[in-house]
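Dumped structure-v1.csv below, it's CSV, C-alpha atoms:
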chain,number,residue,atom,x,y,z
A,21,MET,CA,-9.5,-12.4,5.5
A,22,VAL,CA,-8.6,-10.2,8.4
A,23,THR,CA,-5.8,-11.5,10.6
A,24,ASN,CA,-3.9,-10.5,13.7
A,25,ARG,CA,-0.2,-9.6,13.5
A,26,ALA,CA,0.6,-12.2,16.1
A,27,ASN,CA,-0.3,-15.0,13.7
A,28,SER,CA,2.9,-14.6,11.6
A,29,ALA,CA,2.7,-18.1,10.2
A,30,ASN,CA,-0.6,-17.2,8.6
A,31,LEU,CA,0.9,-14.1,7.1
A,32,ASP,CA,3.7,-16.0,5.6
A,33,ILE,CA,1.3,-18.5,4.0
A,34,HIS,CA,-0.8,-15.8,2.4
A,35,ARG,CA,2.3,-13.9,1.2
A,36,GLY,CA,3.4,-17.0,-0.5
A,37,GLU,CA,0.1,-17.2,-2.4
A,38,GLY,CA,0.6,-13.7,-3.8
A,39,VAL,CA,-1.9,-12.0,-1.5
A,40,GLU,CA,-0.7,-8.4,-0.8
A,41,LEU,CA,-1.3,-7.7,2.9
A,42,PHE,CA,-1.4,-4.3,4.6
A,43,ASP,CA,-1.3,-3.2,8.2
A,44,VAL,CA,-4.5,-1.4,9.0
A,45,LEU,CA,-4.0,1.9,10.7
A,46,ASP,CA,-6.2,4.2,12.8
A,47,ALA,CA,-7.0,7.8,11.8
A,48,ASN,CA,-3.8,8.9,13.6
A,49,GLY,CA,-1.6,6.6,11.6
A,50,GLU,CA,-1.0,4.1,14.4
A,51,LYS,CA,-1.2,0.3,13.7
A,52,THR,CA,-4.4,-1.3,14.9
A,53,GLY,CA,-3.0,-4.8,15.0
A,54,GLN,CA,-5.2,-5.9,12.1
A,55,VAL,CA,-3.8,-7.1,8.7
A,56,LYS,CA,-6.0,-7.2,5.7
A,57,PRO,CA,-5.6,-8.0,2.0
A,58,ARG,CA,-5.1,-5.0,-0.3
A,59,HIS,CA,-8.5,-5.3,-2.1
A,60,LEU,CA,-10.4,-5.4,1.2
A,61,VAL,CA,-8.4,-2.4,2.6
A,62,HIS,CA,-9.4,-0.4,-0.5
A,63,ARG,CA,-13.0,-1.7,-0.5
A,64,ASP,CA,-13.5,-0.8,3.1
A,65,GLY,CA,-11.6,2.5,3.1
A,66,ASP,CA,-9.1,1.4,5.8
A,67,TRP,CA,-6.2,3.7,6.7
A,68,HIS,CA,-2.9,2.3,5.5
A,69,ARG,CA,0.6,3.6,4.7
A,70,ALA,CA,2.3,4.2,1.4
A,71,VAL,CA,5.6,5.6,0.2
A,72,MET,CA,6.4,7.8,-2.8
A,73,ILE,CA,9.8,8.6,-4.1
A,74,TRP,CA,10.8,11.4,-6.5
A,75,VAL,CA,13.8,10.5,-8.7
A,76,VAL,CA,15.8,13.6,-9.8
A,77,ASN,CA,18.9,13.9,-11.9
A,78,PRO,CA,21.7,16.5,-11.6
A,79,GLU,CA,20.0,18.9,-14.1
A,80,ARG,CA,16.9,18.8,-11.9
A,81,GLY,CA,15.2,16.5,-14.4
A,82,ILE,CA,12.3,14.8,-12.6
A,83,LEU,CA,11.5,11.2,-13.5
A,84,LEU,CA,7.8,10.5,-14.2
A,85,GLN,CA,6.3,7.0,-14.7
A,86,ARG,CA,3.3,6.3,-16.8
A,87,ARG,CA,1.1,4.0,-14.9
A,88,ALA,CA,0.1,0.7,-16.6
A,89,PRO,CA,-3.3,0.6,-18.3
A,90,ASN,CA,-4.5,-2.1,-15.9
A,91,LYS,CA,-3.9,-0.1,-12.7
A,92,ASP,CA,-7.0,0.2,-10.5
A,93,SER,CA,-6.3,3.9,-9.9
A,94,HIS,CA,-5.2,6.6,-12.4
A,95,PRO,CA,-4.4,4.1,-15.3
A,96,ASN,CA,-2.3,5.5,-18.1
A,97,CYS,CA,-1.5,8.7,-16.1
A,98,TRP,CA,1.9,10.1,-15.6
A,99,ASP,CA,2.8,9.9,-11.9
A,100,ILE,CA,5.5,10.3,-9.2
A,101,SER,CA,8.7,8.5,-10.1
A,102,CYS,CA,8.0,5.5,-7.9
A,103,GLY,CA,5.6,4.5,-5.2
A,104,GLY,CA,3.6,1.8,-3.5
A,105,HIS,CA,1.9,0.6,-0.3
A,106,LEU,CA,3.8,-0.7,2.7
A,107,SER,CA,3.5,-4.5,3.1
A,108,ALA,CA,2.4,-5.7,6.5
A,109,GLY,CA,5.3,-5.5,8.9
A,110,ASP,CA,7.4,-3.1,6.8
A,111,ASP,CA,8.6,0.3,7.9
A,112,SER,CA,8.6,3.3,5.6
A,113,ILE,CA,12.3,3.2,4.6
A,114,THR,CA,12.2,-0.5,3.9
A,115,GLY,CA,9.1,0.0,1.7
A,116,ALA,CA,10.7,2.8,-0.2
A,117,ILE,CA,13.9,0.8,-0.9
A,118,ARG,CA,11.7,-2.2,-2.0
A,119,GLU,CA,9.6,-0.1,-4.4
A,120,LEU,CA,12.6,1.4,-6.0
A,121,ALA,CA,14.1,-2.0,-6.6
A,122,GLU,CA,10.8,-3.5,-7.9
A,123,GLU,CA,9.6,-0.7,-10.1
A,124,LEU,CA,12.8,0.8,-11.4
A,125,GLY,CA,15.5,-1.8,-10.8
A,126,LEU,CA,17.4,0.5,-8.4
A,127,LYS,CA,19.5,-0.7,-5.5
A,128,VAL,CA,19.7,2.0,-2.9
A,129,LYS,CA,20.7,2.3,0.8
A,130,PRO,CA,18.7,4.1,3.5
A,131,GLU,CA,21.1,7.0,3.5
A,132,ASP,CA,20.5,7.6,-0.2
A,133,LEU,CA,16.9,8.7,0.5
A,134,HIS,CA,16.0,12.2,1.7
A,135,PHE,CA,12.7,12.4,3.6
A,136,LEU,CA,10.6,15.3,2.5
A,137,LEU,CA,7.1,15.0,3.9
A,138,ALA,CA,4.5,12.9,5.7
A,139,SER,CA,0.9,13.6,4.5
A,140,LYS,CA,-2.6,12.2,5.0
A,141,ARG,CA,-5.1,11.9,2.2
A,142,MET,CA,-8.5,10.6,1.5
A,143,ALA,CA,-9.3,9.8,-2.1
A,144,ARG,CA,-11.8,7.8,-4.2
A,145,PRO,CA,-10.3,7.4,-7.7
A,146,ALA,CA,-12.9,4.8,-8.7
A,147,PRO,CA,-16.4,3.9,-7.3
A,148,ASP,CA,-15.2,0.7,-5.7
A,149,PHE,CA,-11.7,1.9,-4.7
A,150,ILE,CA,-11.2,4.0,-1.6
A,151,ASN,CA,-7.6,5.2,-0.9
A,152,ASN,CA,-7.2,6.5,2.7
A,153,SER,CA,-3.5,6.6,3.2
A,154,PHE,CA,-0.6,8.1,5.1
A,155,ASP,CA,2.0,8.9,2.5
A,156,ASP,CA,5.8,9.3,3.2
A,157,LEU,CA,7.5,11.2,0.5
A,158,TYR,CA,11.2,10.8,-0.3
A,159,ILE,CA,13.7,12.2,-2.9
A,160,TYR,CA,16.5,10.2,-4.6
A,161,PHE,CA,19.2,11.8,-6.7
A,162,THR,CA,20.7,9.8,-9.5
A,163,ASN,CA,22.9,10.2,-12.6
A,164,LEU,CA,21.1,7.4,-14.4
A,165,GLU,CA,19.8,7.9,-18.0
A,166,LEU,CA,16.3,6.6,-18.9
A,167,ASN,CA,17.7,3.5,-20.6
A,168,GLN,CA,19.4,2.5,-17.4
A,169,PHE,CA,16.2,2.0,-15.4
A,170,VAL,CA,14.6,-1.5,-15.4
A,171,MET,CA,10.9,-0.9,-15.5
A,172,GLN,CA,8.4,-3.3,-13.8
A,173,LYS,CA,6.2,-3.8,-16.9
A,174,SER,CA,3.2,-4.9,-14.8
A,175,GLU,CA,3.2,-1.5,-13.1
A,176,ILE,CA,4.7,1.0,-15.5
A,177,SER,CA,4.3,1.5,-19.3
A,178,ALA,CA,6.8,4.3,-19.8
A,179,LEU,CA,9.3,6.6,-18.2
A,180,LYS,CA,10.4,10.1,-19.0
A,181,TYR,CA,12.4,13.0,-17.4
A,182,VAL,CA,10.7,16.4,-17.4
A,183,SER,CA,12.1,19.7,-16.3
A,184,LEU,CA,10.9,21.4,-13.1
A,185,ASP,CA,9.2,24.1,-15.2
A,186,GLU,CA,7.4,21.6,-17.3
A,187,LEU,CA,6.1,19.7,-14.3
A,188,LYS,CA,5.0,23.0,-12.7
A,189,THR,CA,3.1,23.8,-15.8
A,190,MET,CA,1.4,20.4,-15.9
A,191,VAL,CA,0.3,20.9,-12.2
A,192,ARG,CA,-0.8,24.5,-12.7
A,193,GLU,CA,-2.9,23.6,-15.7
A,194,HIS,CA,-4.4,20.5,-14.0
A,195,ASN,CA,-3.2,18.4,-16.8
A,196,SER,CA,-5.6,15.4,-17.1
A,197,ASP,CA,-2.7,13.2,-18.1
A,198,LEU,CA,-1.1,13.7,-14.6
A,199,ALA,CA,-2.1,11.8,-11.5
A,200,PRO,CA,-3.5,14.3,-9.0
A,201,HIS,CA,-1.1,14.6,-6.1
A,202,GLU,CA,-0.9,18.4,-5.8
A,203,PRO,CA,0.4,18.7,-2.2
A,204,LEU,CA,3.2,16.2,-3.1
A,205,TYR,CA,4.1,18.1,-6.3
A,206,GLU,CA,4.2,21.4,-4.3
A,207,LYS,CA,6.6,19.9,-1.7
A,208,LEU,CA,9.0,18.8,-4.5
A,209,PHE,CA,8.8,22.3,-6.0
A,210,GLN,CA,9.6,24.0,-2.7
A,211,TYR,CA,12.5,21.6,-2.1
A,212,LEU,CA,14.1,22.0,-5.5
A,213,ASP,CA,13.6,25.8,-5.6
A,214,GLY,CA,15.3,25.9,-2.2
A,215,LEU,CA,18.3,24.0,-3.6
A,216,GLN,CA,18.6,26.4,-6.5
A,217,ASN,CA,18.5,29.4,-4.2
A,218,ARG,CA,21.4,28.2,-2.0

For the structure just supplied, provide its representation as structure tokens.
Amino acid sequence: MVTNRANSANLDIHRGEGVELFDVLDANGEKTGQVKPRHLVHRDGDWHRAVMIWVVNPERGILLQRRAPNKDSHPNCWDISCGGHLSAGDDSITGAIRELAEELGLKVKPEDLHFLLASKRMARPAPDFINNSFDDLYIYFTNLELNQFVMQKSEISALKYVSLDELKTMVREHNSDLAPHEPLYEKLFQYLDGLQNR
């Protein structure tokens, strides 16, 4: 199904059926006015928007999530703390707040999130899965211990904190257990190294 944004009643009906709908973007990141189900967006390689959030504790421990084994991209890999696609009609900050609540049980306000980077990527993590996305990257600082997060079991199988040096080593060695987001890892490293040098 491809639908026009003007048909909001149709959107609501399909959301109620559990169909995940995305705004289709052009190659510059602008909305085209089309809305499509998630599986068609990834089948057709349509541009769409996603958010990713680094969760960091006061010791600069970086939260990693292990993706559930049923995920259609990078199953069982360690990944950025939290992330997901924007639902049709959402803006970036709304999507980030929703993902933190759904995946980690966190209730945050817009001012709790620090914007780091907007990036564009083209990836094909599986033969029938094309991920052409504009990614907005945020950082969220917290004092929470691991046992205080509420994992979304359908998305995440485990959580752990790693040190900045440990994550740098994993990225440098191209650890096959780590989802490949090198530009986003490097931006985090630059940001945290900058904080340390202040």

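Distances to Asp111 in chain A were evaluated for A:His68, A:Asp99, A:Arg80, A:Asp213 using only C-alpha atoms, and the minimum falls at A:His68.
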
Counting all atoms listed in the file, which residues have an atom no more than 6 Å from (-7.5, 5.5, 7.8) in the file's coordinates? Please list them as a compact mmCIF listing (two decimals) with C-alpha atoms, in the coordinates of the input.
# COMPACT_ATOMS: atom_id res chain seq x y z
CA LEU A 45 -4.00 1.90 10.70
CA ASP A 46 -6.20 4.20 12.80
CA ALA A 47 -7.00 7.80 11.80
CA ASP A 66 -9.10 1.40 5.80
CA TRP A 67 -6.20 3.70 6.70
CA ASN A 152 -7.20 6.50 2.70

Item to complete: Compile the contact shell of Asp185 in chain A as JSON, numbers by chain: residues with an atom at most 12 Å away, counting all atoms listed in the file, same-chain residues fewer than 4 positions apart removed.
Response: {"A": [80, 81, 82, 181, 189, 190, 191, 192, 205, 208, 209, 212, 213]}

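If you count only C-alpha atoms and ignore residues fewer than 6 places along the chain from range 162-164 of chain A, what sits within 8 Å of it is A:Val75, A:Val76, A:Asn77, A:Pro78.
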
Item to complete: Write out as a list in words the residues lying within 10 Å of Tyr211 in chain A, counting only C-alpha atoms and excluding same-chain residues fewer than 5 positions away.
Response: Leu136, Ile159, Glu206 and Gln216 of chain A

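Taking CA of Ala138 in chain A and CA of Leu157 in chain A as endpoints, the distance between them is 6.2 Å.
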